Amino acid sequence: MSSLSSLIDTLRASPGFAHKRDIDAVVSALAKPPVSDASAIALGDDCAAIPDGEGHLLFAAEGFVNGFVAAEPWFAGWCGVMVNVSDVAAMGGRPLAVVDALWSNGAADAQPILDGLRAAAAAYGVPVVGGHSNTRNDRAQLAVAILGRAGKRLLTSHDAQPGDRLMAAIDLRGRYHEPNPFFDAATAAPADRLRGDLALLPGLAEDGLCRAAKDISMAGLVGTALMLLECSGVGGSIDLRAIPRPAGVPLDRWLLSFPSFGFLLSVAPEDCATVAARFHARGLGCAVIGEVEDGTVLTLTDGAESLPVWDFADSPLIGCGPRRMEAAS
């Protein structure tokens, strides 16, 4: 078996891919009436985008695995804000406020989670305006929801077009929360840097420099690319050699990492240099890593060979492709 073939098998078997495949069953349920009757809002985006006056309200939520909350309570609280503001930015928006739902086994069990939540809210400049709490539970559990706002021009998961370039923008100035796949470039960063970096995304949307975007999630860079391509009803290719990567981090680990600041962008070829320059000016890694193509297949290349990693015609990943959404409308 070639090294590329082995890498693809590792990606397909990863927990991040498995968790994203679970989305298909949820989408199938939500595609049935009466939910679909109220939904002109396409499923599969990082946030629900609700038309509102001259722009859009953005609404999203994240829940956290119990084991993670138990092992990393402060960081789980921080991530409650961090992942949500990233989802809002990926849609070309700016965060307004968050609310949390917290369960714990006593007040002392809840305190480090609340401390992390409060620290991230202060760093990102997003107030916690309410929520739900229950400190008489048998374990700690956490979910956080966010409200944001975007203008008329959204960055969605549904607008990548054949001929676009796939770009990856990632903050490489971080470290791993060992032994986890979380690459943290946020908790020790200055607050003004965190806010300014996230503001790049709505700036790209407002200036018409990006067609589609998605933040790199627990499925890693390749899994996130699959979700973006599936939602847009296209295929693509990624050159593994072009992906921005921290020094000393093996490729197989990096492809399954969840960076605190990481986005995939679908950009017209003539705009790639301008987009890259904006990220580089803030010390962020950014590069063209592939291309959006006609078809249903994502292909990876390492320079020696090219192999398919997924074919949506054979199997959906998250079930949010154009055909599913047309059937639901």
# chains A, B, ... in the order shown; residues from 1 in each chain; ligands from 1
call {"tool": "residues_around", "arguments": {"residues": "Arg12 of chain A", "least_positions_apart": "3", "cutoff": "10 Å", "atoms": "only C-alpha atoms", "output": "number ranges by chain"}}
result
A: 7-9, 15-18, 219, 222-223, 309-310
call {"tool": "write_last_selection", "arguments": {"atoms": "N, CA and C atoms", "output": "mmCIF file, in the first residue's frame"}}
result
data_model
loop_
_atom_site.group_PDB
_atom_site.id
_atom_site.type_symbol
_atom_site.label_atom_id
_atom_site.label_comp_id
_atom_site.auth_asym_id
_atom_site.auth_seq_id
_atom_site.Cartn_x
_atom_site.Cartn_y
_atom_site.Cartn_z
ATOM 1 N N LEU A 7 -2.552 7.009 4.068
ATOM 2 C CA LEU A 7 -3.028 8.256 4.663
ATOM 3 C C LEU A 7 -4.531 8.420 4.450
ATOM 4 N N ILE A 8 -5.000 8.136 3.256
ATOM 5 C CA ILE A 8 -6.433 8.260 2.964
ATOM 6 C C ILE A 8 -7.242 7.291 3.817
ATOM 7 N N ASP A 9 -6.755 6.070 3.992
ATOM 8 C CA ASP A 9 -7.448 5.113 4.856
ATOM 9 C C ASP A 9 -7.526 5.635 6.286
ATOM 10 N N PRO A 15 -12.192 9.408 13.852
ATOM 11 C CA PRO A 15 -13.422 9.796 14.555
ATOM 12 C C PRO A 15 -14.045 11.067 13.988
ATOM 13 N N GLY A 16 -13.220 12.022 13.534
ATOM 14 C CA GLY A 16 -13.754 13.262 12.980
ATOM 15 C C GLY A 16 -14.633 13.014 11.760
ATOM 16 N N PHE A 17 -14.196 12.130 10.868
ATOM 17 C CA PHE A 17 -15.015 11.773 9.706
ATOM 18 C C PHE A 17 -16.299 11.075 10.159
ATOM 19 N N ALA A 18 -16.172 10.149 11.117
ATOM 20 C CA ALA A 18 -17.340 9.406 11.587
ATOM 21 C C ALA A 18 -18.382 10.334 12.181
ATOM 22 N N ALA A 219 -13.284 17.420 11.855
ATOM 23 C CA ALA A 219 -13.007 16.509 10.741
ATOM 24 C C ALA A 219 -11.673 16.808 10.085
ATOM 25 N N VAL A 222 -9.101 18.037 5.431
ATOM 26 C CA VAL A 222 -9.687 17.282 4.311
ATOM 27 C C VAL A 222 -11.170 17.038 4.545
ATOM 28 N N GLY A 223 -11.542 16.666 5.773
ATOM 29 C CA GLY A 223 -12.958 16.467 6.067
ATOM 30 C C GLY A 223 -13.770 17.729 5.889
ATOM 31 N N VAL A 309 -10.244 10.464 -2.376
ATOM 32 C CA VAL A 309 -10.500 10.247 -0.954
ATOM 33 C C VAL A 309 -11.979 10.019 -0.697
ATOM 34 N N TRP A 310 -12.855 10.576 -1.553
ATOM 35 C CA TRP A 310 -14.303 10.401 -1.367
ATOM 36 C C TRP A 310 -15.009 10.695 -2.676
#
call {"tool": "closest_residue", "arguments": {"among": "A:Tyr176, A:Phe68, A:Phe75, A:Phe263", "to": "Ser217 of chain A", "atoms": "only C-alpha atoms"}}
result
A:Phe263
call {"tool": "closest_residue", "arguments": {"among": "A:Ala191, A:Ala169, A:Cys79, A:Ala60", "to": "Ala123 of chain A", "atoms": "only C-alpha atoms"}}
result
A:Ala191
call {"tool": "closest_residue", "arguments": {"among": "A:Val129, A:Ala13, A:Leu265, A:Ala277", "to": "Leu229 of chain A", "atoms": "only C-alpha atoms"}}
result
A:Leu265
call {"tool": "closest_residue", "arguments": {"among": "A:Asp87, A:Asp138, A:Glu72, A:Glu230", "to": "Leu155 of chain A", "atoms": "only C-alpha atoms"}}
result
A:Asp87
call {"tool": "closest_residue", "arguments": {"among": "A:Glu206, A:Glu305, A:Asp192, A:Glu291", "to": "Ala89 of chain A", "atoms": "only C-alpha atoms"}}
result
A:Glu206
call {"tool": "select_by_dssp", "arguments": {"residues": "segment 55-240 of chain A", "states": "helix (DSSP H, G or I)", "output": "number ranges by chain"}}
result
A: 66-71, 73-90, 107-124, 191-206, 220-232, 240
call {"tool": "select_by_dssp", "arguments": {"residues": "segment 38-263 of chain A", "states": "strand (DSSP E or B)", "output": "PyMOL selection string"}}
result
chain A and resi 48-52+55-63+93-105+128-134+136-150+156+165-170+175-176+182-184+212-215+235-239+258-259+262-263
call {"tool": "residues_around", "arguments": {"residues": "segment 103-112 of chain A", "least_positions_apart": "2", "cutoff": "12 Å", "atoms": "only C-alpha atoms", "output": "ChimeraX atom specification"}}
result
/A:63-64,66,69-78,100-101,114-119,131-144
call {"tool": "residues_around", "arguments": {"residues": "segment 268-271 of chain A", "least_positions_apart": "4", "cutoff": "7 Å", "atoms": "only C-alpha atoms", "output": "PyMOL selection string"}}
result
chain A and resi 164-165+209+275
call {"tool": "write_last_selection", "arguments": {"atoms": "N, CA and C atoms", "output": "short mmCIF file (atom, residue, chain, number, x, y, z; two decimals), in the first residue's frame"}}
result
data_model
loop_
_atom_site.label_atom_id
_atom_site.label_comp_id
_atom_site.auth_asym_id
_atom_site.auth_seq_id
_atom_site.Cartn_x
_atom_site.Cartn_y
_atom_site.Cartn_z
N ASP A 164 -12.73 27.73 -9.20
CA ASP A 164 -12.24 28.42 -8.01
C ASP A 164 -11.00 27.71 -7.47
N ARG A 165 -10.20 28.44 -6.75
CA ARG A 165 -9.08 27.85 -6.03
C ARG A 165 -9.48 27.61 -4.57
N LEU A 209 -14.38 39.16 -2.23
CA LEU A 209 -13.13 38.48 -2.58
C LEU A 209 -13.18 36.97 -2.35
N VAL A 275 -6.25 37.93 -1.44
CA VAL A 275 -6.69 37.23 -0.23
C VAL A 275 -5.50 36.77 0.59
#
call {"tool": "residues_around", "arguments": {"residues": "segment 193-203 of chain A", "least_positions_apart": "4", "cutoff": "9 Å", "atoms": "only C-alpha atoms", "output": "NGL selection string"}}
result
:A and (85-86 or 89-94 or 123-125 or 150-151 or 153-155 or 186 or 189 or 207-210 or 213 or 261 or 278-279 or 282 or 284)
call {"tool": "atom_distance", "arguments": {"atom1": "atom CA of Ser257 of chain A", "atom2": "atom CA of Ile146 of chain A"}}
result
23.5 Å
call {"tool": "closest_residue", "arguments": {"among": "A:Gly55, A:Pro95, A:Pro127, A:Gly295", "to": "Gly233 of chain A", "atoms": "only C-alpha atoms"}}
result
A:Gly295
call {"tool": "residues_around", "arguments": {"residues": "Ala49 of chain A", "least_positions_apart": "2", "cutoff": "9 Å", "atoms": "only C-alpha atoms", "output": "PyMOL selection string"}}
result
chain A and resi 41-42+45+47+51+56-59+91+149-150+154
